[in-house]
Amino acid sequence: MPVLTARFFGSPSVTMDGQAVSLPYKKAEGLLYYLILRRKVSRSELIGLLWSDVDSSTALKNLRHAVYSIRKELDCDLFVGGQRSVLELRPDLEIRCDVTDFLDSGDLSLYRGEFLRDFSIPRAGSFDEWLTDQRSSLQSHYLKRLLAEEKEAFRAGDLRRAERYGLDYIAADPLEESAVVVLMEVYAAQKKFRKAIGLYHDLCRNLSAEFSISPLKETTALYYRIVNEWNTSTYKIEEQSHHLLVGKEPVLRRLLALCNGQAEDRKFSCGLIEGEAGVGKTYILDHILNHYDFSDWLVCRGSCYPSEANAAYSVWNGIMLTLVSEMESRHLTVPENCRKTAAGLFPCFALDAEQDYVAPNGDFSRQASSHAAQESTLLILSLVAKRVPVLLVFEDIHWMDKPSAEMLGLFLRRLRNLNVTVLCTARDIVPPHVRELIDNARRDKILERFPLRQFDRAETVQFLNYYLGEEQAAGRADQIYQYTGGNALLLTQLVSAMREPGGSMDLPQDPEALISYRLSNLSSDQRQVLDLIAVFTEWVSIDALTSILTKNALELMYLCDQLKQRALISESTRDNELCYAPAHDHIRVVLTRQQSESTRRILHLRVAQYLETKHAGQIPTSLYDRLIYHYTAGGDRFKVFHYHVLSLDAFTGLCCELLPTLNTDSGVTVPNEEGLLDYFQSLEKELEGLRRSGANGGELDRLELHLLHAKSRYCIHNGYYDEGLATLDRMIARCEATGSREMLVKAHLQIVYYGIQTYDTDAMEAHLAIVEPLLDDRELTPDRGVYLRLSGATCLLQGKYEEARPLLWEAIRTFQALDPGVDGQYTINIAGAYYYIAETYRLECNYEEACRYYDQAILYNRSRDYYPGVAVLYTNYGVTVWQKGDKTTARPLFEHAERIYRDSHEYSCYPIMLAYLAVYDTEDGNYASAAGRLREAMEVSQRLASPWWMGITIYQSWEIRRLLEQRGLEVPELTELWPADPAEHCRWALNYLHRLQPRIESRELEEALASLT
């Protein structure tokens, strides 16, 4: 007999032998659910339950039809035959139902949510009443059992289980005071006093809002007892830790005051612990985080490393990974478009970690919207901080990269009034960009300094007496103080050396000799582990150590524990993994110096190979810099070149592509753009060297094509057309020589993009003709969709509007077939096609149709926020509305476009937006702003050689000229931008506009010129 499985807690589902059962209408579903629970029900009861709104004859007919639907869908007869007045499920039918199992066993894990969640039947009041009663009864049974389990777990001392049950209870019923009381007791026992107190305040608010009452006297008494216990506990910790925090008590008190203060009452939102290496910055930070209650805070901690000092946003990537993990565990949600935009910088915000969020290639010239991603990230942090206190910790910011420092400064100013605290550590000597961050933050009164100094002589004696004992420390304090200078790290290492079995009481000659002495006492296994840990640029997981050293995990953990006890490494949990790092940079430096060249190379190569293997086939771009570092240290020139090219390809694909493909993982770093052409040249020389050395020729051919493609994108995007076209000629020749059809298509499409930017329709048409046969066997592909859309764009620029529209519609259908929906992978390409359709109607002066298709384009692009081309849409939408005669409505469209341009650094149609806003500025009398906009518009248009943008800019300057003449005004800062002779002004504009298809602007200027001559 088949097995019928029913899950009624949460969203209901029924399966027959593992196959989902789907009934055609709600009442048939309700009938089956009811019968599964009751097994035998009279027909009259079922009629009253489901069909009380019709006569009995019709109701019986409906019941028979529902029974027939169930039999048909399940393909078997579940009912006992020969019974006219009742419906009964066959006794030999095996039914597994979570509700029945829950009532029989009391297993709380079976209660997965409300009974038949979101299920209801229209016009079935009796069924709804039964459903409400069942939901209430089952929830009451669940909560009663849950409270009993919470109390039992607390009595048994299983605090973790008691906490879980308590949280589940108040999530379902936050007004049940007894459950809140037990959970407060649990948190007090766990020393999570802040959480316990927060529960009490939540209870007060809920009871007051719902019933206008206060908690019971016993609950209030418990609250005050916990408050007193918290105060006493904090005092005891400080007393017990007195010797561990020698000389640091004032800083400790000020840091705690910073963390405990309310956002609106604090003078500062950021604390900087600074001092020279080894003074104890990390120690006091660890002490605060380990000994004080941050249980209800969202704590994100990241470290800066010297090897990542030039890797953009490296420390923020670590912070964001922790933030996303904490948000998921706390069920904190933020708007989807914020996550998507933030994913442009921080891939961890991608909604589906298993599938990259991408946007396809296209043709709106722009740069990557890193600023937009920053803004979305800050918005996410602000939304989280409104729900839970946030503590961000940045260690060793003297190694922080410049983009991270700029983002931290922006973050501190933007969120200073929210419940966010930032703690940083830094040495007293920092690079200029970090010094600028600190000085500006202090000037703006958002950062407080907490300088740590070395121990003085008395504090050194106190430290030695505590760790060595007064007898052993006696008579040596002056010598040790003179040797260490009161440096906490050196004192710790020295004391550890003295306390080791057979440890020498003689002082080494210098601090490095001290660490070397300590390292000499390690076993070969301990040293092997420590050498590997030192090679990593950041924390290394136990999984990585196990994989690289091929040792047993338990054995490795034992070795690491020994190293930790010797104060040579630190231990931390990162992303639920046990991780290790050298206890201080000095230890890492000494280890690196002592390693032989061959040993160091082998270790770096093993680390790089481990990283590649871990991400086999899907290496994220954020790892490229780390792989370059390890392969450089390992001496593998080919791999270094390989990842340099891939990193550069990813960078130009994001920053220089026309409508770029946006991978969720875009954390790549390349040299400053001022030196990028030199960077390309250096890689080309390295390619020649690798070929001479006999490296893998086939792979070098592939990498060469990617290098040439990246260079062409960069050059064409920035207006270096001669260099870009020459590079594309080389790329096409190499594609033909190597038979790479995919890269050949990309090369020709890049020339089409050049044609769009410069309005060279002949080049566009010629190269699209070359691409077409290359796509003959690739009908339903993204490349085919791009080809169709660009073919439509070519017809548009040629003035063939009727021919353009069918091509653009076919492009839309192709992309929709590849990924349907208004928020799919190809929505930006679809938006681009709608944009071109809108432009065909605008240029035909059919403004109503143009506006309709602009709305469609914006609909498809809206979920992408700033990415990409949105500014173009709003700019030309504004032009359409302006030409329609509604200048008042057009203005906010241009202003919205300007905000997006400023944030995204997009170029396409940027001069047009500036020129139109310059007219509005002139109307407002803001002549300096108008002149500034026109200058910038002309500079961008000239640099990118766009006759369209330059022609429209000069046309609008003509409009400004006429406006000034009508007002009888002479504004030198504007008049110096155009020829003195009005006729020459018209000819200047027409010189550019006549290169385009006829349009309103050219006709108006031709008429003006005719009247002047």
# chains A, B, ... in the order shown; residues from 1 in each chain; ligands from 1
$ residues_around --residues "His896 of chain A" --least-positions-apart "6" --cutoff "9 Å" --atoms "only C-alpha atoms" --output "list in words"
Ala871, Tyr874 and Thr875 of chain A
$ write_last_selection --atoms "N, CA and C atoms" --output "compact mmCIF listing (two decimals), in the first residue's frame"
# COMPACT_ATOMS: atom_id res chain seq x y z
N ALA A 871 21.32 56.56 -15.57
CA ALA A 871 21.49 57.99 -15.80
C ALA A 871 21.17 58.35 -17.24
N TYR A 874 17.31 58.46 -17.66
CA TYR A 874 16.68 59.66 -17.11
C TYR A 874 17.07 60.92 -17.89
N THR A 875 18.32 60.95 -18.40
CA THR A 875 18.73 62.10 -19.20
C THR A 875 17.87 62.23 -20.45
$ residues_around --residues "segment 581-585 of chain A" --least-positions-apart "4" --cutoff "8 Å" --atoms "only C-alpha atoms" --output "ChimeraX atom specification"
/A:278,530,533-534,538-540,567-571,589
$ residues_around --residues "Ser791 of chain A" --least-positions-apart "6" --cutoff "10 Å" --atoms "only C-alpha atoms" --output "list of chain:residue names"
A:Val752, A:Met764, A:Glu765, A:Leu768, A:Ala769, A:Glu772, A:Gly785, A:Glu803, A:Ala804, A:Leu807, A:Leu808, A:Ala811
$ write_last_selection --atoms "N, CA and C atoms" --output "PDB file, in the first residue's frame"
ATOM      1  N   VAL A 752      32.416  48.012 -32.389  1.00  0.00           N
ATOM      2  CA  VAL A 752      31.048  48.541 -32.477  1.00  0.00           C
ATOM      3  C   VAL A 752      30.806  49.531 -31.335  1.00  0.00           C
ATOM      4  N   MET A 764      30.437  50.570 -37.293  1.00  0.00           N
ATOM      5  CA  MET A 764      29.491  49.690 -36.610  1.00  0.00           C
ATOM      6  C   MET A 764      28.913  48.671 -37.580  1.00  0.00           C
ATOM      7  N   GLU A 765      28.465  49.152 -38.737  1.00  0.00           N
ATOM      8  CA  GLU A 765      27.836  48.279 -39.718  1.00  0.00           C
ATOM      9  C   GLU A 765      28.819  47.240 -40.241  1.00  0.00           C
ATOM     10  N   LEU A 768      29.570  44.599 -37.417  1.00  0.00           N
ATOM     11  CA  LEU A 768      28.413  43.743 -37.151  1.00  0.00           C
ATOM     12  C   LEU A 768      28.249  42.713 -38.269  1.00  0.00           C
ATOM     13  N   ALA A 769      28.563  43.111 -39.498  1.00  0.00           N
ATOM     14  CA  ALA A 769      28.495  42.169 -40.615  1.00  0.00           C
ATOM     15  C   ALA A 769      29.502  41.045 -40.437  1.00  0.00           C
ATOM     16  N   GLU A 772      28.057  38.623 -37.587  1.00  0.00           N
ATOM     17  CA  GLU A 772      26.846  37.834 -37.875  1.00  0.00           C
ATOM     18  C   GLU A 772      27.149  36.379 -38.225  1.00  0.00           C
ATOM     19  N   GLY A 785      21.823  37.987 -28.619  1.00  0.00           N
ATOM     20  CA  GLY A 785      20.985  39.090 -28.146  1.00  0.00           C
ATOM     21  C   GLY A 785      21.700  40.427 -28.240  1.00  0.00           C
ATOM     22  N   GLU A 803      13.341  50.201 -39.273  1.00  0.00           N
ATOM     23  CA  GLU A 803      14.153  48.986 -39.314  1.00  0.00           C
ATOM     24  C   GLU A 803      14.722  48.641 -37.936  1.00  0.00           C
ATOM     25  N   ALA A 804      14.952  49.663 -37.126  1.00  0.00           N
ATOM     26  CA  ALA A 804      15.568  49.439 -35.807  1.00  0.00           C
ATOM     27  C   ALA A 804      14.643  48.670 -34.880  1.00  0.00           C
ATOM     28  N   LEU A 807      14.420  44.729 -34.883  1.00  0.00           N
ATOM     29  CA  LEU A 807      15.659  44.150 -34.363  1.00  0.00           C
ATOM     30  C   LEU A 807      15.704  44.248 -32.840  1.00  0.00           C
ATOM     31  N   LEU A 808      15.275  45.389 -32.327  1.00  0.00           N
ATOM     32  CA  LEU A 808      15.305  45.591 -30.878  1.00  0.00           C
ATOM     33  C   LEU A 808      14.285  44.696 -30.184  1.00  0.00           C
ATOM     34  N   ALA A 811      15.752  41.324 -30.034  1.00  0.00           N
ATOM     35  CA  ALA A 811      16.752  41.273 -28.953  1.00  0.00           C
ATOM     36  C   ALA A 811      16.067  41.073 -27.609  1.00  0.00           C
TER      37      ALA A 811
END
$ select_by_dssp --residues "segment 362-564 of chain A" --states "helix (DSSP H, G or I)" --output "PyMOL selection string"
chain A and resi 370-385+397-399+402-414+432-443+457-468+470-473+477-484+488-499+511-520+524-535+542-549+553-564
$ residues_around --residues "segment 110-121 of chain A" --least-positions-apart "6" --cutoff "7 Å" --atoms "only C-alpha atoms" --output "PyMOL selection string"
chain A and resi 8-12+26-27+98+102+128+135
$ write_last_selection --atoms "N, CA and C atoms" --output "compact mmCIF listing (two decimals), in the first residue's frame"
# COMPACT_ATOMS: atom_id res chain seq x y z
N PHE A 8 1.70 19.58 7.94
CA PHE A 8 0.72 20.63 8.14
C PHE A 8 1.24 21.81 8.95
N PHE A 9 2.39 21.65 9.61
CA PHE A 9 2.99 22.79 10.29
C PHE A 9 3.77 23.61 9.27
N GLY A 10 3.50 24.91 9.22
CA GLY A 10 4.07 25.74 8.16
C GLY A 10 3.21 25.61 6.92
N SER A 11 3.78 25.88 5.76
CA SER A 11 3.03 25.75 4.51
C SER A 11 2.71 24.28 4.28
N PRO A 12 1.44 23.95 4.04
CA PRO A 12 1.05 22.53 3.95
C PRO A 12 1.55 21.87 2.68
N LYS A 26 -9.07 24.73 -3.85
CA LYS A 26 -8.84 24.83 -2.40
C LYS A 26 -9.72 23.87 -1.59
N LYS A 27 -11.00 23.73 -1.95
CA LYS A 27 -11.89 22.92 -1.12
C LYS A 27 -11.52 21.44 -1.18
N ASP A 98 2.77 15.09 10.47
CA ASP A 98 3.58 15.74 11.51
C ASP A 98 2.73 16.20 12.68
N PHE A 102 3.46 14.97 16.39
CA PHE A 102 3.75 15.98 17.41
C PHE A 102 2.89 15.76 18.65
N ASP A 128 -13.06 27.86 8.26
CA ASP A 128 -12.17 28.87 8.84
C ASP A 128 -12.23 28.86 10.36
N ARG A 135 -5.40 25.97 15.01
CA ARG A 135 -4.16 26.74 15.14
C ARG A 135 -3.92 27.15 16.58
$ residues_around --residues "Ser547 of chain A" --least-positions-apart "4" --cutoff "12 Å" --atoms "only C-alpha atoms" --output "PyMOL selection string"
chain A and resi 532+540-543+551-553+556+606-607+609-611+613-614
$ closest_residue --among "A:Glu459, A:Asp783, A:Asp625, A:Glu555" --to "Asp525 of chain A" --atoms "only C-alpha atoms"
A:Glu555
$ atom_distance --atom1 "atom CA of Leu392 of chain A" --atom2 "atom CA of Ala650 of chain A"
29.6 Å
$ closest_residue --among "A:Gln134, A:Arg449, A:Tyr283, A:Arg476" --to "Thr492 of chain A" --atoms "only C-alpha atoms"
A:Tyr283
$ residues_around --residues "Arg194 of chain A" --least-positions-apart "3" --cutoff "7 Å" --atoms "only C-alpha atoms" --output "short mmCIF file (atom, residue, chain, number, x, y, z; two decimals) with N, CA and C atoms, in the first residue's frame"
data_model
loop_
_atom_site.label_atom_id
_atom_site.label_comp_id
_atom_site.auth_asym_id
_atom_site.auth_seq_id
_atom_site.Cartn_x
_atom_site.Cartn_y
_atom_site.Cartn_z
N ILE A 197 18.66 42.37 30.60
CA ILE A 197 18.05 43.67 30.85
C ILE A 197 17.22 44.12 29.65
N GLY A 198 17.72 43.84 28.45
CA GLY A 198 16.97 44.18 27.25
C GLY A 198 15.64 43.44 27.18
N ASP A 293 30.20 42.39 28.50
CA ASP A 293 29.01 41.82 27.87
C ASP A 293 28.64 42.57 26.59
N SER A 295 26.79 40.72 24.36
CA SER A 295 25.96 39.63 23.86
C SER A 295 24.83 40.11 22.97
N ASP A 296 24.33 41.32 23.20
CA ASP A 296 23.24 41.80 22.35
C ASP A 296 23.75 42.73 21.26
#
$ atom_distance --atom1 "atom CA of Leu873 of chain A" --atom2 "atom CA of Ala342 of chain A"
21.7 Å
$ select_by_dssp --residues "segment 64-224 of chain A" --states "strand (DSSP E)" --output "ChimeraX atom specification"
/A:86-88,94-97
$ atom_distance --atom1 "atom CA of Thr421 of chain A" --atom2 "atom CA of Leu391 of chain A"
4.9 Å
$ closest_residue --among "A:Leu893, A:Ser908, A:Ser376, A:Asn310" --to "Thr341 of chain A" --atoms "only C-alpha atoms"
A:Ser376
